[in-house]
Every structure is written in C-alpha cells, then in structure tokens.
Amino acid sequence: MRRGRQRPDKITAPEKYADPISDAIFHAVQTLDHVVVQMDQKWGVDRLPALVSPETAAKFGSAKAKLDAALEDNDDVEVARRCSVLARGYAAMDKEAER
C-alpha cells in the first residue's frame with residue numbers, strides 16, 4: 001500500500017496545500033499504511049495475500065483495485081471507505097493465515 005503519498009505542503013505541492021480533499025485522502029491512507037506496516041512486520045512484506053485462500057486473496061485484490069481507482073479519481077469519501085474495507089480485509093487475512 002505504501003504509495004509514497006506525502007502530506008500536502010506549501011513547498012512541494014502548492015496546488016494541493018490547504019486542499020481539504022488532498023488532506024482527507026492523506027490521512028485516510030495514513031491509517032491504512034499503519035495496518036499494512038503491522039502486517040508486513042508480522043508476515044513479511046506483501047506476503048500475507050499469498051498465505052490465504054485464493055478466494056480471500058481475490059477479494060483483497062479487488063478491494064485494492066477499488067482503492068487505487070478512488071485514489072486515481074481523487075475521491076476522498078471513497079478513499080476513506082476503501083481504506084476501511086482494506087483494513088478489515090487485512091484483519092480477516094491475518095486471522096485466516098493464523099489458522
């Protein structure tokens with residue numbers, strides 16, 4: 001997930017500085033990044049989807065693609081929704097992998 005998104009600032013992204021949509025997206029993705037870091041530390045970087053059933057991995061892939069589309073569309077509401085979906089997906093994959 002870690003996309004290298006930076007918090008908008010006046011120097012590096014003046015067109016996005018003080019833009020509520022850009023800031024909302026940054027914070028939504030930041031919360032998901034925290035979950036991703038935890039899962040990467042526990043299971044290895046990008047390894048968790050390979051440890052679950054193909055059906056679960058496919059659901060994860062679909063959710064990730066929908067987040068990517070929301071990011072591409074710069075849709076802050078959908079990004080927040082999709083980040084929540086993916087965070088729950090990581091929790092489900094973690095539980096499944098532990099079994």
# chains A, B, ... in the order shown; residues from 1 in each chain; ligands from 1
>>> select_by_dssp(residues="region 12-69 of chain A", states="alpha helix (DSSP H)", output="number ranges by chain")
A: 20-43, 54-69
>>> residues_around(residues="Ala97 (chain A)", least_positions_apart="4", cutoff="6 Å", atoms="only C-alpha atoms", output="list in words")
Leu51, Val52 and Met93 of chain A
>>> closest_residue(among="A:Ala63, A:Val85, A:Ala70, A:Val77", to="Pro20 (chain A)", atoms="only C-alpha atoms")
A:Val77
>>> atom_distance(atom1="CA of Pro49 (chain A)", atom2="CA of Tyr90 (chain A)")
8.8 Å
>>> closest_residue(among="A:Leu48, A:Val79, A:Val37, A:Ala24", to="Asp94 (chain A)", atoms="only C-alpha atoms")
A:Leu48
>>> residues_around(residues="Val35 (chain A)", least_positions_apart="2", cutoff="12 Å", atoms="only C-alpha atoms", output="PDB file with N, CA, C and O atoms, in the first residue's frame")
ATOM      1  N   MET A   1       0.790  -1.188   0.000  1.00  0.00           N
ATOM      2  CA  MET A   1       0.000   0.000   0.000  1.00  0.00           C
ATOM      3  C   MET A   1       0.834   1.254   0.000  1.00  0.00           C
ATOM      4  O   MET A   1       0.424   2.238  -0.534  1.00  0.00           O
ATOM      5  N   ARG A   2       1.950   1.208   0.632  1.00  0.00           N
ATOM      6  CA  ARG A   2       2.725   2.420   0.836  1.00  0.00           C
ATOM      7  C   ARG A   2       3.049   3.063  -0.504  1.00  0.00           C
ATOM      8  O   ARG A   2       3.939   2.652  -1.195  1.00  0.00           O
ATOM      9  N   ALA A  28      -6.564   9.343   5.432  1.00  0.00           N
ATOM     10  CA  ALA A  28      -7.201   8.030   5.265  1.00  0.00           C
ATOM     11  C   ALA A  28      -6.162   6.975   4.890  1.00  0.00           C
ATOM     12  O   ALA A  28      -6.130   5.878   5.455  1.00  0.00           O
ATOM     13  N   VAL A  29      -5.299   7.306   3.961  1.00  0.00           N
ATOM     14  CA  VAL A  29      -4.262   6.367   3.519  1.00  0.00           C
ATOM     15  C   VAL A  29      -3.254   6.129   4.638  1.00  0.00           C
ATOM     16  O   VAL A  29      -2.762   5.006   4.813  1.00  0.00           O
ATOM     17  N   GLN A  30      -2.971   7.154   5.423  1.00  0.00           N
ATOM     18  CA  GLN A  30      -2.021   7.006   6.520  1.00  0.00           C
ATOM     19  C   GLN A  30      -2.512   5.966   7.532  1.00  0.00           C
ATOM     20  O   GLN A  30      -1.724   5.171   8.042  1.00  0.00           O
ATOM     21  N   THR A  31      -3.809   5.949   7.816  1.00  0.00           N
ATOM     22  CA  THR A  31      -4.328   4.946   8.757  1.00  0.00           C
ATOM     23  C   THR A  31      -4.191   3.541   8.187  1.00  0.00           C
ATOM     24  O   THR A  31      -3.857   2.607   8.917  1.00  0.00           O
ATOM     25  N   LEU A  32      -4.426   3.390   6.889  1.00  0.00           N
ATOM     26  CA  LEU A  32      -4.257   2.075   6.262  1.00  0.00           C
ATOM     27  C   LEU A  32      -2.785   1.685   6.239  1.00  0.00           C
ATOM     28  O   LEU A  32      -2.440   0.519   6.474  1.00  0.00           O
ATOM     29  N   ASP A  33      -1.913   2.620   5.978  1.00  0.00           N
ATOM     30  CA  ASP A  33      -0.473   2.332   5.971  1.00  0.00           C
ATOM     31  C   ASP A  33      -0.015   1.766   7.312  1.00  0.00           C
ATOM     32  O   ASP A  33       0.837   0.885   7.358  1.00  0.00           O
ATOM     33  N   VAL A  37       1.912  -1.779   7.595  1.00  0.00           N
ATOM     34  CA  VAL A  37       3.227  -1.916   8.236  1.00  0.00           C
ATOM     35  C   VAL A  37       3.180  -3.028   9.284  1.00  0.00           C
ATOM     36  O   VAL A  37       4.086  -3.858   9.360  1.00  0.00           O
ATOM     37  N   GLN A  38       2.123  -3.047  10.083  1.00  0.00           N
ATOM     38  CA  GLN A  38       1.989  -4.100  11.100  1.00  0.00           C
ATOM     39  C   GLN A  38       1.953  -5.487  10.459  1.00  0.00           C
ATOM     40  O   GLN A  38       2.615  -6.417  10.930  1.00  0.00           O
ATOM     41  N   MET A  39       1.178  -5.635   9.397  1.00  0.00           N
ATOM     42  CA  MET A  39       1.070  -6.942   8.729  1.00  0.00           C
ATOM     43  C   MET A  39       2.383  -7.323   8.040  1.00  0.00           C
ATOM     44  O   MET A  39       2.788  -8.489   8.047  1.00  0.00           O
ATOM     45  N   ASP A  40       3.074  -6.343   7.457  1.00  0.00           N
ATOM     46  CA  ASP A  40       4.366  -6.616   6.823  1.00  0.00           C
ATOM     47  C   ASP A  40       5.400  -7.052   7.859  1.00  0.00           C
ATOM     48  O   ASP A  40       6.224  -7.933   7.594  1.00  0.00           O
ATOM     49  N   GLN A  41       5.353  -6.447   9.029  1.00  0.00           N
ATOM     50  CA  GLN A  41       6.286  -6.838  10.086  1.00  0.00           C
ATOM     51  C   GLN A  41       5.984  -8.242  10.586  1.00  0.00           C
ATOM     52  O   GLN A  41       6.889  -9.009  10.895  1.00  0.00           O
ATOM     53  N   LYS A  42       4.734  -8.581  10.643  1.00  0.00           N
ATOM     54  CA  LYS A  42       4.329  -9.893  11.154  1.00  0.00           C
ATOM     55  C   LYS A  42       4.556 -11.010  10.136  1.00  0.00           C
ATOM     56  O   LYS A  42       5.058 -12.076  10.484  1.00  0.00           O
ATOM     57  N   CYS A  83     -10.271   2.417   2.291  1.00  0.00           N
ATOM     58  CA  CYS A  83      -9.229   2.167   3.293  1.00  0.00           C
ATOM     59  C   CYS A  83      -9.804   1.353   4.447  1.00  0.00           C
ATOM     60  O   CYS A  83      -9.146   0.436   4.954  1.00  0.00           O
ATOM     61  N   SER A  84     -11.022   1.653   4.845  1.00  0.00           N
ATOM     62  CA  SER A  84     -11.681   0.878   5.903  1.00  0.00           C
ATOM     63  C   SER A  84     -11.911  -0.564   5.469  1.00  0.00           C
ATOM     64  O   SER A  84     -11.681  -1.499   6.239  1.00  0.00           O
ATOM     65  N   VAL A  85     -12.355  -0.740   4.238  1.00  0.00           N
ATOM     66  CA  VAL A  85     -12.575  -2.092   3.701  1.00  0.00           C
ATOM     67  C   VAL A  85     -11.263  -2.874   3.706  1.00  0.00           C
ATOM     68  O   VAL A  85     -11.211  -4.035   4.128  1.00  0.00           O
ATOM     69  N   LEU A  86     -10.192  -2.252   3.245  1.00  0.00           N
ATOM     70  CA  LEU A  86      -8.903  -2.948   3.197  1.00  0.00           C
ATOM     71  C   LEU A  86      -8.361  -3.243   4.591  1.00  0.00           C
ATOM     72  O   LEU A  86      -7.767  -4.305   4.805  1.00  0.00           O
ATOM     73  N   ALA A  87      -8.562  -2.347   5.534  1.00  0.00           N
ATOM     74  CA  ALA A  87      -8.115  -2.615   6.899  1.00  0.00           C
ATOM     75  C   ALA A  87      -8.836  -3.843   7.456  1.00  0.00           C
ATOM     76  O   ALA A  87      -8.206  -4.707   8.076  1.00  0.00           O
ATOM     77  N   ARG A  88     -10.146  -3.936   7.210  1.00  0.00           N
ATOM     78  CA  ARG A  88     -10.881  -5.134   7.635  1.00  0.00           C
ATOM     79  C   ARG A  88     -10.398  -6.367   6.880  1.00  0.00           C
ATOM     80  O   ARG A  88     -10.308  -7.463   7.442  1.00  0.00           O
ATOM     81  N   GLY A  89     -10.053  -6.184   5.623  1.00  0.00           N
ATOM     82  CA  GLY A  89      -9.524  -7.294   4.826  1.00  0.00           C
ATOM     83  C   GLY A  89      -8.205  -7.811   5.370  1.00  0.00           C
ATOM     84  O   GLY A  89      -7.975  -9.024   5.428  1.00  0.00           O
ATOM     85  N   TYR A  90      -7.345  -6.900   5.772  1.00  0.00           N
ATOM     86  CA  TYR A  90      -6.076  -7.319   6.379  1.00  0.00           C
ATOM     87  C   TYR A  90      -6.326  -8.101   7.666  1.00  0.00           C
ATOM     88  O   TYR A  90      -5.668  -9.106   7.927  1.00  0.00           O
ATOM     89  N   ALA A  91      -7.277  -7.645   8.470  1.00  0.00           N
ATOM     90  CA  ALA A  91      -7.599  -8.353   9.716  1.00  0.00           C
ATOM     91  C   ALA A  91      -8.118  -9.757   9.414  1.00  0.00           C
ATOM     92  O   ALA A  91      -7.736 -10.727  10.083  1.00  0.00           O
ATOM     93  N   ASP A  94      -5.209 -11.897   8.206  1.00  0.00           N
ATOM     94  CA  ASP A  94      -4.353 -12.224   9.341  1.00  0.00           C
ATOM     95  C   ASP A  94      -4.946 -13.399  10.135  1.00  0.00           C
ATOM     96  O   ASP A  94      -4.250 -14.362  10.451  1.00  0.00           O
TER      97      ASP A  94
END
>>> atom_distance(atom1="CA of Phe26 (chain A)", atom2="CA of Asp75 (chain A)")
11.5 Å
>>> atom_distance(atom1="CA of His27 (chain A)", atom2="CA of Asp76 (chain A)")
9.9 Å
>>> decode(residues="chain A", atoms="C-alpha atoms", output="PDB file, in the first residue's frame")
ATOM      1  CA  MET A   1       0.000   0.000   0.000  1.00  0.00           C
ATOM      2  CA  ARG A   2       2.725   2.420   0.836  1.00  0.00           C
ATOM      3  CA  ARG A   3       2.407   4.722  -2.133  1.00  0.00           C
ATOM      4  CA  GLY A   4       4.766   7.442  -1.033  1.00  0.00           C
ATOM      5  CA  ARG A   5       1.923   9.897  -0.586  1.00  0.00           C
ATOM      6  CA  GLN A   6       3.138  12.948   1.252  1.00  0.00           C
ATOM      7  CA  ARG A   7       1.117  15.322   3.288  1.00  0.00           C
ATOM      8  CA  PRO A   8       0.445  18.295   1.029  1.00  0.00           C
ATOM      9  CA  ASP A   9       2.663  21.230   1.890  1.00  0.00           C
ATOM     10  CA  LYS A  10       3.175  24.705   0.516  1.00  0.00           C
ATOM     11  CA  ILE A  11       6.603  23.995  -0.994  1.00  0.00           C
ATOM     12  CA  THR A  12       6.343  20.547  -2.595  1.00  0.00           C
ATOM     13  CA  ALA A  13       2.658  20.646  -3.572  1.00  0.00           C
ATOM     14  CA  PRO A  14       1.382  24.223  -3.507  1.00  0.00           C
ATOM     15  CA  GLU A  15      -1.632  23.323  -5.670  1.00  0.00           C
ATOM     16  CA  LYS A  16      -2.794  20.823  -3.033  1.00  0.00           C
ATOM     17  CA  TYR A  17      -1.791  22.753   0.085  1.00  0.00           C
ATOM     18  CA  ALA A  18      -4.822  23.571   2.240  1.00  0.00           C
ATOM     19  CA  ASP A  19      -6.990  21.430  -0.043  1.00  0.00           C
ATOM     20  CA  PRO A  20      -9.407  19.524   2.204  1.00  0.00           C
ATOM     21  CA  ILE A  21      -9.732  16.652  -0.278  1.00  0.00           C
ATOM     22  CA  SER A  22      -5.980  16.073  -0.527  1.00  0.00           C
ATOM     23  CA  ASP A  23      -5.602  16.270   3.240  1.00  0.00           C
ATOM     24  CA  ALA A  24      -8.511  13.872   3.821  1.00  0.00           C
ATOM     25  CA  ILE A  25      -7.000  11.380   1.374  1.00  0.00           C
ATOM     26  CA  PHE A  26      -3.594  11.675   3.027  1.00  0.00           C
ATOM     27  CA  HIS A  27      -4.995  10.896   6.467  1.00  0.00           C
ATOM     28  CA  ALA A  28      -7.201   8.030   5.265  1.00  0.00           C
ATOM     29  CA  VAL A  29      -4.262   6.367   3.519  1.00  0.00           C
ATOM     30  CA  GLN A  30      -2.021   7.006   6.520  1.00  0.00           C
ATOM     31  CA  THR A  31      -4.328   4.946   8.757  1.00  0.00           C
ATOM     32  CA  LEU A  32      -4.257   2.075   6.262  1.00  0.00           C
ATOM     33  CA  ASP A  33      -0.473   2.332   5.971  1.00  0.00           C
ATOM     34  CA  HIS A  34      -0.243   1.750   9.725  1.00  0.00           C
ATOM     35  CA  VAL A  35      -2.145  -1.544   9.319  1.00  0.00           C
ATOM     36  CA  VAL A  36      -0.012  -2.543   6.333  1.00  0.00           C
ATOM     37  CA  VAL A  37       3.227  -1.916   8.236  1.00  0.00           C
ATOM     38  CA  GLN A  38       1.989  -4.100  11.100  1.00  0.00           C
ATOM     39  CA  MET A  39       1.070  -6.942   8.729  1.00  0.00           C
ATOM     40  CA  ASP A  40       4.366  -6.616   6.823  1.00  0.00           C
ATOM     41  CA  GLN A  41       6.286  -6.838  10.086  1.00  0.00           C
ATOM     42  CA  LYS A  42       4.329  -9.893  11.154  1.00  0.00           C
ATOM     43  CA  TRP A  43       4.170 -11.843   7.883  1.00  0.00           C
ATOM     44  CA  GLY A  44       6.787 -10.272   5.614  1.00  0.00           C
ATOM     45  CA  VAL A  45       6.421  -7.544   3.010  1.00  0.00           C
ATOM     46  CA  ASP A  46       3.494  -8.238   0.640  1.00  0.00           C
ATOM     47  CA  ARG A  47       3.406 -11.863   1.797  1.00  0.00           C
ATOM     48  CA  LEU A  48       0.034 -12.107   3.540  1.00  0.00           C
ATOM     49  CA  PRO A  49      -2.185 -12.460   0.427  1.00  0.00           C
ATOM     50  CA  ALA A  50      -0.125 -15.494  -0.582  1.00  0.00           C
ATOM     51  CA  LEU A  51      -0.863 -17.186   2.761  1.00  0.00           C
ATOM     52  CA  VAL A  52      -4.651 -17.209   2.451  1.00  0.00           C
ATOM     53  CA  SER A  53      -7.140 -18.974   0.193  1.00  0.00           C
ATOM     54  CA  PRO A  54      -7.376 -17.900  -3.447  1.00  0.00           C
ATOM     55  CA  GLU A  55     -10.899 -16.615  -2.771  1.00  0.00           C
ATOM     56  CA  THR A  56      -9.723 -14.393   0.063  1.00  0.00           C
ATOM     57  CA  ALA A  57      -6.745 -13.189  -1.963  1.00  0.00           C
ATOM     58  CA  ALA A  58      -9.066 -12.364  -4.876  1.00  0.00           C
ATOM     59  CA  LYS A  59     -11.352 -10.319  -2.605  1.00  0.00           C
ATOM     60  CA  PHE A  60      -8.295  -8.475  -1.309  1.00  0.00           C
ATOM     61  CA  GLY A  61      -7.094  -7.792  -4.864  1.00  0.00           C
ATOM     62  CA  SER A  62     -10.494  -6.461  -5.860  1.00  0.00           C
ATOM     63  CA  ALA A  63     -10.633  -4.180  -2.810  1.00  0.00           C
ATOM     64  CA  LYS A  64      -7.132  -2.907  -3.531  1.00  0.00           C
ATOM     65  CA  ALA A  65      -8.037  -2.157  -7.152  1.00  0.00           C
ATOM     66  CA  LYS A  66     -11.089  -0.199  -5.978  1.00  0.00           C
ATOM     67  CA  LEU A  67      -8.892   1.829  -3.611  1.00  0.00           C
ATOM     68  CA  ASP A  68      -6.473   2.513  -6.464  1.00  0.00           C
ATOM     69  CA  ALA A  69      -9.378   3.728  -8.630  1.00  0.00           C
ATOM     70  CA  ALA A  70     -10.637   6.011  -5.851  1.00  0.00           C
ATOM     71  CA  LEU A  71      -7.140   7.443  -5.455  1.00  0.00           C
ATOM     72  CA  GLU A  72      -6.926   7.992  -9.197  1.00  0.00           C
ATOM     73  CA  ASP A  73     -10.310   9.775  -9.107  1.00  0.00           C
ATOM     74  CA  ASN A  74      -9.177  11.893  -6.115  1.00  0.00           C
ATOM     75  CA  ASP A  75     -12.411  10.882  -4.341  1.00  0.00           C
ATOM     76  CA  ASP A  76     -11.802  11.456  -0.634  1.00  0.00           C
ATOM     77  CA  VAL A  77     -15.051   9.836   0.536  1.00  0.00           C
ATOM     78  CA  GLU A  78     -14.468   6.688  -1.499  1.00  0.00           C
ATOM     79  CA  VAL A  79     -10.791   6.545  -0.486  1.00  0.00           C
ATOM     80  CA  ALA A  80     -11.782   6.623   3.193  1.00  0.00           C
ATOM     81  CA  ARG A  81     -14.385   3.910   2.591  1.00  0.00           C
ATOM     82  CA  ARG A  82     -11.957   1.727   0.672  1.00  0.00           C
ATOM     83  CA  CYS A  83      -9.229   2.167   3.293  1.00  0.00           C
ATOM     84  CA  SER A  84     -11.681   0.878   5.903  1.00  0.00           C
ATOM     85  CA  VAL A  85     -12.575  -2.092   3.701  1.00  0.00           C
ATOM     86  CA  LEU A  86      -8.903  -2.948   3.197  1.00  0.00           C
ATOM     87  CA  ALA A  87      -8.115  -2.615   6.899  1.00  0.00           C
ATOM     88  CA  ARG A  88     -10.881  -5.134   7.635  1.00  0.00           C
ATOM     89  CA  GLY A  89      -9.524  -7.294   4.826  1.00  0.00           C
ATOM     90  CA  TYR A  90      -6.076  -7.319   6.379  1.00  0.00           C
ATOM     91  CA  ALA A  91      -7.599  -8.353   9.716  1.00  0.00           C
ATOM     92  CA  ALA A  92      -9.505 -11.183   8.025  1.00  0.00           C
ATOM     93  CA  MET A  93      -6.410 -12.357   6.136  1.00  0.00           C
ATOM     94  CA  ASP A  94      -4.353 -12.224   9.341  1.00  0.00           C
ATOM     95  CA  LYS A  95      -6.923 -14.373  11.136  1.00  0.00           C
ATOM     96  CA  GLU A  96      -7.102 -16.833   8.238  1.00  0.00           C
ATOM     97  CA  ALA A  97      -3.313 -17.091   7.948  1.00  0.00           C
ATOM     98  CA  GLU A  98      -3.003 -17.802  11.669  1.00  0.00           C
ATOM     99  CA  ARG A  99      -5.329 -20.782  11.254  1.00  0.00           C
TER     100      ARG A  99
END
